[in-house]
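**Q** Take a look at the following structure, please.
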Amino acid sequence: MFNVLGQMPPSTQQQQQLAGPDSWQALFDGVDAAQAITVSSNYLDFGSCSRLQPAEPCSFTVSNNTGAKVLAALLVTPWQDPLGQLGKVAQVFQAFPESLELRPHSSATLRVVFRPPHDGVYYCQGLVLLAGLKAMRSFRLAQDAEVVPPWCIGIMASGNTFANLNPEYSPKVILSSSNITFPPCRLGEMVHQTLALLNKGDTPVHFKFTAASSSPIDIKQQQLGIAGAAPGVGWFGPFGALPSQGVLEPKSQKLVALRFQPQHLDMAQVNLTCIFNNTSANTTCVLLTGTACEPQLSWDVPDGQLFFRPTCIGASSQHCITIGNISQVPARWCWVVSKKLQDVVIFEPSAGVLRGFESTQVRVSFAPIKQQVYNARAALLLLPPNAAAGAAGSGGAADDNCQQPTSADANQDVEMEDSQRPADNRQNSPTDFADAEKLILTIIGEATQGALSIEPADGNFGAINVGYPARRNFQLTNKSNGVLRYSIELVNHAPELIDTEGAECDFGTAVAAADSNCETQHGSRDAWIDEPEGVVNARTSKSLTLTLLPRRRGEYKLTLNVLATTLPQQSSHPGMRSILAGSSSSPAAAAAGPAGLVATVPSYPHTSTAPAGSSSGSSNHKYFSRTHSTAESPNIMAKDPEGWLGDAAIFTAAGAAVGSTKAAMPLDKPPLAAVSVTAIACFPALLVKDVVSVGLPKQVAWQMLGIQQLNQELCSPVGGAEVEAQILADRGMLTNDKALMLLPPYKMDLGVVAAGDAARSFWVQFANEGPLPIDWQLHSYDAPEVELESWVETARPVSQTEKERAFVIENAILGMQPHSGTLVPGSTQQVHVTFNPVVEGFFQLPLFLRIKDGKHLQLQLSGQAVPASAQLPLTIKGSNSCVFAACPLGELDPPLQCYELRNGGPAPLHYMLDISPLQRLAKQNYSAEVIKFAGGSPLEGVVPPGEVAVFNWLFQPLEAKSYSVALPLTLGDAQPQPLLLRGRGYHPLQHPEAARSTAEETAQRWQQWLGFQAAPSLAPPGRILLPSQEMLDFGVCLPASTTKRLLLLHNRAAVPLAFVWDMGVFSEDYRVISGRLRVTPGTGEH
């Protein structure tokens, strides 16, 4: 909305542009550069008029510069009378006619009249001229994609009614400054300032800027008729003011935008006079001062020649040069190089902006690609203002809009002296760089062949602990005469060999803390090099350290490749007042540092096809120089009137595409050297190899203690719960209750013993089956790990469970000795497990087996003390069932399969087995005896303590399926318990794979138990006669055949021993086997 005392507010489009970098240009010049609709004047001044008679109308011409009919109308907002009734409006300015129809390329005149309703008032109102295509007057006449928005041109109208009146008040206006100095700028650029007008009075004040040397209205802008230009712009020589006149409301302020656009290299001054209320007595002056000058660049390169030391192919050498701006205005610059150097020399940064008297360092990298002597030129260009669009006045450090010359002829590689180059032989030269000033830099360097070797050639770590760092030193040797830059990469060739099922372990995190920076910056989580990128000087060596930190077990197969790189490492140059040190106007560019600045400069690779908007074509121009002679100072800029720097055929962007990345770029070549790195990461491998208990067969003791499940867990990777328990234990925060919650129990049943009898003992053999030493501990967190003094009072148990554990520990009912040990690879250690039945009851004691840097398990020891008359069987896993081996269909003579009932109590065990359910199973299978009792021990009888009853069965399946039957088994005075017989049949021809044993069937075969061995390796105290085998496997025997095995007896005593064999259930009286077992000799002396 507009008001009588105000100015037209900016449109929505102008508001959006005012928030961007082009705000000043949009404010002064408008937004329509095509000038489709223009007006002859955008300021209408009616002067002093009378309210009683019509004022002289003002007119202006509207021109249609398009090729279509246009409808135009002047919009005048109604004026709300502040002195009248609320809501009453009036029309102060009126337009005649209200609308115009303009033919293509025609003009028409609009008249505006001034009709003020009050005397002694200044009126200033913004009008809007709207113009649109006549074809777009209805949405039905055009498609959505063809709709053209209307044009909007602002017109400022002003007038007053002081024709016959004298103002009765004096203005109270203060200017923010009486002397405004613009920052220096180049010719063709524009700089801006602002001036604040503050009205401290209670009445509105009219203001107007004038100058003695120019009129208030810019005649040039009237002639140009810029479409959409803001009304009220006044030009006074090279200075402009917006608005040049207006009204200040009471107790308000207004900002006046000032522009300086020089036309000559000199200082310009204009004394503006600000007239208040059109009275010459109320004036004030403002002195505007602006200076135009040209930038100049300098550098610290003597004689303009830069020499590089001999550099190996694949390596790089660097020089740092300082370029400075010795003028007051910002200088936009960029590097260009000849084709010979385009893939060899890199400038970092390759382009930028230097403010007045500012300097920066440029790193020049020489990375040769073939063996030769390089002698070519590069140029530092001082870009003209037309190549720095959108950055005038901003002074930004990062050159986002820099247009750099590109190559138009990739096949030209010929140099010529400047005296031989024709001045008019140019094709496709960018006009933006035709007048660019330059400094010529001659780059001289020699490329040599290089060779890198690394020792040792074998990087075998051997066996290492999971979770701990292992290090290996390598020697990198440069055998050439040049400096070599290298980059090392680690390639994992066999990630599938690493076990990913277990949890990640970081036992050695504290040990690897010193390498945490290397791990984070230069490597993976499992392997890294302390210096993956670097430089090896000529004929020298460098020591590198490879750290391997395996967090999972498995086999690591890596290859350490030494590659040649072309980009130098990034480094800072402290103490230099530079745009790279934080003086950038862009926060993002300042934070990014040198690499961030280079990345923001657009550039194109040196190819024969140029991007859109750049010049491209072939050229026969040869490279020549118009640089200074050696007697001239290198700090003086050279002019190039012929514009040969614009020749796109001989220059290209100075490596900005390569310099835009911070990391080194390996060359696309085979590695200079390679080392195969192997390692086997594993946990300490503890395994139970043997178990002995007096009166119990080896396999029975093995099953009672659950050694099969324990060995399987010991061979599995460390789990997450174990890692958590390890962390708590290291911090001293692991208690019995927490350990019981975290770790699952592995039951070790010590059997049933009569209360008051002698203790039952088991001897368990621990063996180190791996390549790493083992430190293990067995303890309860309830018991102190150190012996306490007699005066120390321990904590009393609170819960019932704690009281039971305390009773077991105090009376030594359950225990294991020793509590700790150390095993080197291949060694064994004997552990004694005891159950002392002092009183009747069922006792449990959790003991925790902790292997340093490995497994953490809970061993649940249990034992039962009963009266001497108790009849109890030996209960082990699977003792209440009998799983037959799989049998093929049609087997006429199936093998006998037996079930053992072992007396585990102190008294003789009375039993009775009911096989009547077998008859019901036969009726369900066509009266065929699928499962048949085949003799052995009687179905009812007594088993002496420590003895067994053996029941033989025949299994003949009719179908390829599983069979099962439950037989009631009565033991002592207890209720009958089901004895489950199970078996499966398979078709040998249709499904031969069914002959493989299932996991349940395999669990009954001691030959396949993990760690189990038939030969004894453990001799408990008191056993002086040892057999060579404790388990004899006769394998598959043919009917009516004789199978023999050799057994050796070892006498450990110092005197001869007499021996006799007790055949037990294998005697001919029991008839538990089909055949006869004979031991020869049955008795003897040894």
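Naming scheme: A, B, ... for chains in displayed order of the structure tokens; residues 1 onward per chain; ligands 1 onward as shown.
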Pull the alpha helix (DSSP H) assignments for region 752-957 of chain A out of DSSP run on the backbone, and list those residues as an NGL selection string.
**A** :A and (800-810 or 917-924)
**Q** Would you save the residues of that selection, restricted to N, CA and C atoms, as a short mmCIF file (atom, residue, chain, number, x, y, z; two decimals), in the first residue's frame?
**A**
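What follows is the written file again_5.cif:
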```cif
data_model
loop_
_atom_site.label_atom_id
_atom_site.label_comp_id
_atom_site.auth_asym_id
_atom_site.auth_seq_id
_atom_site.Cartn_x
_atom_site.Cartn_y
_atom_site.Cartn_z
N GLN A 800 18.56 -66.49 50.63
CA GLN A 800 18.68 -67.92 50.86
C GLN A 800 19.72 -68.54 49.95
N THR A 801 19.77 -68.07 48.71
CA THR A 801 20.76 -68.60 47.76
C THR A 801 22.17 -68.30 48.23
N GLU A 802 22.38 -67.10 48.75
CA GLU A 802 23.71 -66.75 49.24
C GLU A 802 24.07 -67.59 50.46
N LYS A 803 23.09 -67.87 51.31
CA LYS A 803 23.37 -68.70 52.48
C LYS A 803 23.75 -70.12 52.07
N GLU A 804 23.07 -70.65 51.06
CA GLU A 804 23.40 -72.01 50.61
C GLU A 804 24.80 -72.04 50.00
N ARG A 805 25.13 -71.02 49.22
CA ARG A 805 26.48 -71.00 48.64
C ARG A 805 27.53 -70.85 49.74
N ALA A 806 27.24 -70.03 50.73
CA ALA A 806 28.19 -69.86 51.82
C ALA A 806 28.39 -71.16 52.60
N PHE A 807 27.32 -71.93 52.77
CA PHE A 807 27.43 -73.22 53.47
C PHE A 807 28.29 -74.20 52.69
N VAL A 808 28.11 -74.23 51.34
CA VAL A 808 28.90 -75.13 50.50
C VAL A 808 30.37 -74.75 50.55
N ILE A 809 30.66 -73.47 50.51
CA ILE A 809 32.06 -73.03 50.52
C ILE A 809 32.69 -73.26 51.88
N GLU A 810 31.94 -72.96 52.92
CA GLU A 810 32.49 -73.09 54.27
C GLU A 810 32.81 -74.53 54.62
N PRO A 917 3.88 -102.19 25.63
CA PRO A 917 3.58 -101.23 24.56
C PRO A 917 4.15 -101.62 23.21
N LEU A 918 5.15 -102.52 23.17
CA LEU A 918 5.67 -102.96 21.88
C LEU A 918 4.62 -103.70 21.06
N GLN A 919 3.70 -104.41 21.75
CA GLN A 919 2.64 -105.12 21.03
C GLN A 919 1.68 -104.13 20.36
N ARG A 920 1.34 -103.06 21.05
CA ARG A 920 0.48 -102.05 20.43
C ARG A 920 1.17 -101.41 19.23
N LEU A 921 2.51 -101.19 19.33
CA LEU A 921 3.25 -100.65 18.18
C LEU A 921 3.21 -101.62 17.01
N ALA A 922 3.28 -102.91 17.28
CA ALA A 922 3.22 -103.89 16.20
C ALA A 922 1.86 -103.89 15.52
N LYS A 923 0.79 -103.77 16.31
CA LYS A 923 -0.54 -103.72 15.70
C LYS A 923 -0.70 -102.50 14.80
N GLN A 924 -0.09 -101.40 15.16
CA GLN A 924 -0.17 -100.20 14.32
C GLN A 924 0.65 -100.33 13.04
#
```
**Q** Name the residues of region 169-290 of chain A that fall into strand (DSSP E) according to DSSP on the backbone, using the chain letters and numbers of this document, as a count of residues only.
**A** 63
**Q** Would you mind listing what lies within 7 Å of region 103-119 of chain A as a PDB file with C-alpha atoms, in the first residue's frame, with only C-alpha atoms counted and same-chain residues fewer than 2 positions away left out?
**A**
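Printed below is selection27.pdb as written:
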```
ATOM      1  CA  ARG A  51      -6.326  23.236  -3.662  1.00  0.00           C
ATOM      2  CA  PRO A  54      -6.748  22.167 -10.936  1.00  0.00           C
ATOM      3  CA  ALA A  55      -2.997  21.826 -11.305  1.00  0.00           C
ATOM      4  CA  PRO A  57      -1.262  17.807 -15.598  1.00  0.00           C
ATOM      5  CA  CYS A  58       1.992  15.890 -16.036  1.00  0.00           C
ATOM      6  CA  SER A  59       2.385  13.376 -18.822  1.00  0.00           C
ATOM      7  CA  PHE A  60       4.817  10.645 -19.756  1.00  0.00           C
ATOM      8  CA  THR A  61       5.203   8.264 -22.679  1.00  0.00           C
ATOM      9  CA  VAL A  62       4.832   4.479 -22.463  1.00  0.00           C
ATOM     10  CA  SER A  63       6.693   2.493 -25.159  1.00  0.00           C
ATOM     11  CA  ASN A  64       5.989  -1.100 -26.242  1.00  0.00           C
ATOM     12  CA  ASN A  65       9.245  -2.699 -27.417  1.00  0.00           C
ATOM     13  CA  THR A  66       7.751  -6.160 -27.960  1.00  0.00           C
ATOM     14  CA  GLY A  67       6.270  -7.703 -31.095  1.00  0.00           C
ATOM     15  CA  ALA A  68       2.784  -8.192 -29.611  1.00  0.00           C
ATOM     16  CA  LYS A  69      -0.111  -6.008 -28.508  1.00  0.00           C
ATOM     17  CA  VAL A  70       0.097  -4.828 -24.923  1.00  0.00           C
ATOM     18  CA  VAL A  92      -5.130  12.547  -4.852  1.00  0.00           C
ATOM     19  CA  PHE A  93      -3.552  11.496  -8.186  1.00  0.00           C
ATOM     20  CA  GLN A  94      -5.622  10.371 -11.178  1.00  0.00           C
ATOM     21  CA  ALA A  95      -4.545   8.952 -14.557  1.00  0.00           C
ATOM     22  CA  PHE A  96      -6.152   9.604 -17.941  1.00  0.00           C
ATOM     23  CA  PRO A  97      -6.879   7.420 -19.762  1.00  0.00           C
ATOM     24  CA  GLU A 101      -3.684  -0.558 -25.862  1.00  0.00           C
ATOM     25  CA  VAL A 121       0.526  19.420   2.947  1.00  0.00           C
ATOM     26  CA  THR A 161      -0.218  22.811  -1.488  1.00  0.00           C
ATOM     27  CA  PHE A 162       2.038  25.566  -0.218  1.00  0.00           C
TER      28      PHE A 162
END
```
**Q** Name the closest residue to Trp79 (chain A) among the candidates A:Val883, A:Leu939, A:Leu127, A:Ala463; distances are taken between atoms, counting only C-alpha atoms.
**A**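 So, comparing all the options, the nearest one is A:Leu127.
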**Q** Write out as a PyMOL selection string each polymer residue whose atoms come within 9 Å of Val491 (chain A), counting only C-alpha atoms; drop sequence neighbours fewer than 6 positions from it.
**A** chain A and resi 557-561
**Q** Include N, CA and C atoms and write out the residues we just selected as a PDB file, in the first residue's frame.
**A**
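Here's the written file out.pdb:
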```
ATOM      1  N   LYS A 557      44.189 -61.900   5.589  1.00  0.00           N
ATOM      2  CA  LYS A 557      45.077 -61.911   4.427  1.00  0.00           C
ATOM      3  C   LYS A 557      44.992 -60.546   3.765  1.00  0.00           C
ATOM      4  N   LEU A 558      46.019 -59.741   3.986  1.00  0.00           N
ATOM      5  CA  LEU A 558      46.068 -58.381   3.470  1.00  0.00           C
ATOM      6  C   LEU A 558      47.232 -58.232   2.508  1.00  0.00           C
ATOM      7  N   THR A 559      47.113 -57.227   1.672  1.00  0.00           N
ATOM      8  CA  THR A 559      48.211 -56.836   0.786  1.00  0.00           C
ATOM      9  C   THR A 559      48.505 -55.370   1.018  1.00  0.00           C
ATOM     10  N   LEU A 560      49.743 -55.063   1.322  1.00  0.00           N
ATOM     11  CA  LEU A 560      50.190 -53.691   1.510  1.00  0.00           C
ATOM     12  C   LEU A 560      50.795 -53.209   0.199  1.00  0.00           C
ATOM     13  N   ASN A 561      50.078 -52.313  -0.492  1.00  0.00           N
ATOM     14  CA  ASN A 561      50.519 -51.786  -1.781  1.00  0.00           C
ATOM     15  C   ASN A 561      51.110 -50.395  -1.593  1.00  0.00           C
TER      16      ASN A 561
END
```
**Q** Extract, using only C-alpha atoms, all DNA, RNA and protein residues at most 10 Å from Gly706 (chain A), discarding same-chain residues fewer than 6 positions from it, and format them as a list in words.
**A**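 Listed by chain and then number, they are Val700, Tyr746, Lys747, Met748, Asp749, Leu859, Ile876 and Lys877 of chain A.
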**Q** Select, from A:Gly719, A:Pro670, A:Gly1022, A:Gly445, the residue with the minimum atom-to-atom distance to Thr311 (chain A), counting only C-alpha atoms.
**A** A:Gly445
**Q** Counting only C-alpha atoms, figure out which residue out of A:Asn1051, A:Ser820, A:Thr289, A:Ser138 gets nearest to His1086 (chain A).
**A**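 When distances to His1086 (chain A) are compared using only C-alpha atoms, the smallest one comes from A:Asn1051.
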**Q** If I take CA of Glu1030 (chain A) and CA of Gln817 (chain A), how far is one from the other in Å, to one decimal?
**A**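 Between these atoms lies a distance of 24.8 Å.
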**Q** Show me, as a tab-separated table, the residues of region 738-837 of chain A having an atom within 12 Å of region 710-718 of chain A, each with the closest atom pair and its distance in Å, using only C-alpha atoms.
**A**
```
residue	atom	partner	partner_atom	distance
A:Leu743	CA	A:Val718	CA	11.6
A:Pro744	CA	A:Glu713	CA	10.7
A:Pro745	CA	A:Leu710	CA	10.0
A:Tyr746	CA	A:Leu710	CA	6.8
A:Lys747	CA	A:Leu710	CA	8.9
A:Met748	CA	A:Leu710	CA	9.4
A:Phe766	CA	A:Asn711	CA	10.5
A:Ala767	CA	A:Asn711	CA	11.1
A:Asn768	CA	A:Leu714	CA	11.3
A:Glu769	CA	A:Cys715	CA	10.2
A:Gly770	CA	A:Cys715	CA	10.4
```
**Q** Kindly indicate which residue among A:Val362, A:Ile321, A:Leu354, A:Leu44 lies nearest to Pro295 (chain A), using only C-alpha atoms for the distances.
**A**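 Answer, going by the shortest atom-to-atom distance: A:Leu354.
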**Q** Hey, can you check how far CA of Trp763 (chain A) sits from CA of Ser1067 (chain A)?
**A**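 For CA of Trp763 (chain A) relative to CA of Ser1067 (chain A), the distance reads 29.4 Å.
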**Q** When you look at Val838 (chain A) with a cut-off of 10 Å (counting only C-alpha atoms), what residues show up, excluding the ones that are within fewer than 3 positions of it in the same chain? I need them as a list in words.
**A**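 Residues meeting the cut-off are Ala754, Ala755, Gly756, Asp757, Ala758, Ala759, Asn811, Ala812, Ile813, Phe835, Gly841 and Ala865 of chain A.
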**Q** Write the selection just made, keeping all heavy atoms, as a short mmCIF file (atom, residue, chain, number, x, y, z; two decimals), in the first residue's frame?
**A**
```cif
data_model
loop_
_atom_site.label_atom_id
_atom_site.label_comp_id
_atom_site.auth_asym_id
_atom_site.auth_seq_id
_atom_site.Cartn_x
_atom_site.Cartn_y
_atom_site.Cartn_z
N ALA A 754 26.28 -91.44 49.14
CA ALA A 754 25.67 -91.59 50.45
C ALA A 754 26.28 -90.59 51.41
O ALA A 754 27.49 -90.36 51.42
CB ALA A 754 25.87 -93.01 50.97
N ALA A 755 25.40 -89.95 52.18
CA ALA A 755 25.86 -88.95 53.16
C ALA A 755 26.80 -89.59 54.15
O ALA A 755 26.53 -90.66 54.72
CB ALA A 755 24.66 -88.32 53.86
N GLY A 756 27.92 -88.92 54.38
CA GLY A 756 28.92 -89.39 55.31
C GLY A 756 29.97 -90.27 54.68
O GLY A 756 30.97 -90.58 55.34
N ASP A 757 29.78 -90.71 53.43
CA ASP A 757 30.79 -91.52 52.76
C ASP A 757 31.99 -90.66 52.38
O ASP A 757 32.01 -89.44 52.53
CB ASP A 757 30.20 -92.19 51.52
CG ASP A 757 29.36 -93.41 51.89
OD1 ASP A 757 29.29 -93.73 53.10
OD2 ASP A 757 28.78 -94.02 50.97
N ALA A 758 32.97 -91.32 51.80
CA ALA A 758 34.17 -90.62 51.33
C ALA A 758 33.81 -89.72 50.15
O ALA A 758 32.84 -89.96 49.42
CB ALA A 758 35.25 -91.61 50.96
N ALA A 759 34.60 -88.69 49.94
CA ALA A 759 34.35 -87.73 48.87
C ALA A 759 34.57 -88.39 47.51
O ALA A 759 35.44 -89.25 47.34
CB ALA A 759 35.28 -86.53 49.03
N ASN A 811 31.97 -75.50 54.21
CA ASN A 811 32.17 -76.90 54.53
C ASN A 811 32.89 -77.67 53.42
O ASN A 811 33.02 -78.89 53.52
CB ASN A 811 30.82 -77.57 54.80
CG ASN A 811 30.14 -77.04 56.05
OD1 ASN A 811 30.41 -77.47 57.16
ND2 ASN A 811 29.24 -76.06 55.85
N ALA A 812 33.35 -76.95 52.39
CA ALA A 812 34.11 -77.57 51.29
C ALA A 812 33.36 -78.76 50.71
O ALA A 812 33.95 -79.82 50.46
CB ALA A 812 35.50 -77.96 51.76
N ILE A 813 32.06 -78.59 50.49
CA ILE A 813 31.26 -79.68 49.93
C ILE A 813 31.58 -79.85 48.45
O ILE A 813 31.74 -80.98 47.96
CB ILE A 813 29.77 -79.40 50.17
CG1 ILE A 813 29.48 -79.37 51.68
CG2 ILE A 813 28.91 -80.45 49.49
CD1 ILE A 813 28.05 -79.01 52.02
N PHE A 835 33.48 -83.75 45.56
CA PHE A 835 32.16 -83.64 46.16
C PHE A 835 32.22 -84.37 47.50
O PHE A 835 32.37 -85.59 47.55
CB PHE A 835 31.10 -84.25 45.24
CG PHE A 835 29.74 -84.35 45.87
CD1 PHE A 835 29.24 -83.35 46.70
CD2 PHE A 835 28.93 -85.46 45.63
CE1 PHE A 835 27.98 -83.46 47.28
CE2 PHE A 835 27.67 -85.56 46.19
CZ PHE A 835 27.19 -84.56 47.03
N GLY A 841 21.40 -83.78 51.25
CA GLY A 841 20.86 -82.62 50.53
C GLY A 841 21.40 -82.52 49.12
O GLY A 841 22.30 -83.27 48.71
N ALA A 865 23.67 -85.70 48.16
CA ALA A 865 23.99 -86.63 49.25
C ALA A 865 22.68 -87.23 49.76
O ALA A 865 21.75 -86.50 50.12
CB ALA A 865 24.72 -85.90 50.38
#
```
**Q** I want to know what sits within 10 Å of region 977-989 of chain A, based on only C-alpha atoms, with residues of the same chain fewer than 4 positions away left out; could you give that as a PyMOL selection string?
**A** chain A and resi 878-890+899+913-914+930-931+953+955-971+993-995+1001
**Q** Would you put the residues from that selection into a file with C-alpha atoms, as a CSV table (one decimal), in the first residue's frame?
**A**
```
chain,number,residue,atom,x,y,z
A,878,GLY,CA,19.6,-88.6,27.5
A,879,SER,CA,19.5,-91.4,30.1
A,880,ASN,CA,15.7,-91.6,29.9
A,881,SER,CA,15.6,-92.4,26.2
A,882,CYS,CA,17.3,-94.7,23.8
A,883,VAL,CA,17.9,-93.4,20.2
A,884,PHE,CA,18.5,-96.1,17.7
A,885,ALA,CA,20.8,-95.7,14.8
A,886,ALA,CA,19.1,-95.1,11.5
A,887,CYS,CA,18.2,-98.4,9.7
A,888,PRO,CA,17.4,-98.9,6.0
A,889,LEU,CA,14.2,-100.4,4.9
A,890,GLY,CA,14.2,-104.1,4.2
A,899,TYR,CA,20.3,-99.4,26.3
A,913,LEU,CA,10.7,-102.9,32.5
A,914,ASP,CA,7.2,-103.3,30.9
A,930,VAL,CA,9.3,-102.8,14.3
A,931,ILE,CA,11.0,-102.7,17.7
A,953,TRP,CA,16.8,-104.2,20.9
A,955,PHE,CA,14.9,-102.2,15.0
A,956,GLN,CA,13.3,-103.1,11.6
A,957,PRO,CA,11.4,-100.2,10.1
A,958,LEU,CA,8.7,-100.8,7.5
A,959,GLU,CA,8.4,-97.2,6.2
A,960,ALA,CA,10.8,-94.2,5.8
A,961,LYS,CA,9.7,-92.4,8.9
A,962,SER,CA,10.4,-92.0,12.6
A,963,TYR,CA,9.1,-94.5,15.2
A,964,SER,CA,8.8,-94.0,19.0
A,965,VAL,CA,7.4,-95.9,21.9
A,966,ALA,CA,7.4,-95.3,25.6
A,967,LEU,CA,8.0,-98.2,28.0
A,968,PRO,CA,7.2,-98.0,31.7
A,969,LEU,CA,10.3,-98.4,33.8
A,970,THR,CA,9.9,-98.8,37.6
A,971,LEU,CA,13.0,-98.0,39.7
A,993,GLU,CA,21.5,-89.0,2.2
A,994,ALA,CA,19.2,-90.0,5.0
A,995,ALA,CA,21.9,-92.5,6.1
A,1001,GLU,CA,22.3,-89.8,17.0
```
**Q** At what distance in Å, to one decimal, does CA of Val694 (chain A) lie from CA of Gln829 (chain A)?
**A** 19.0 Å
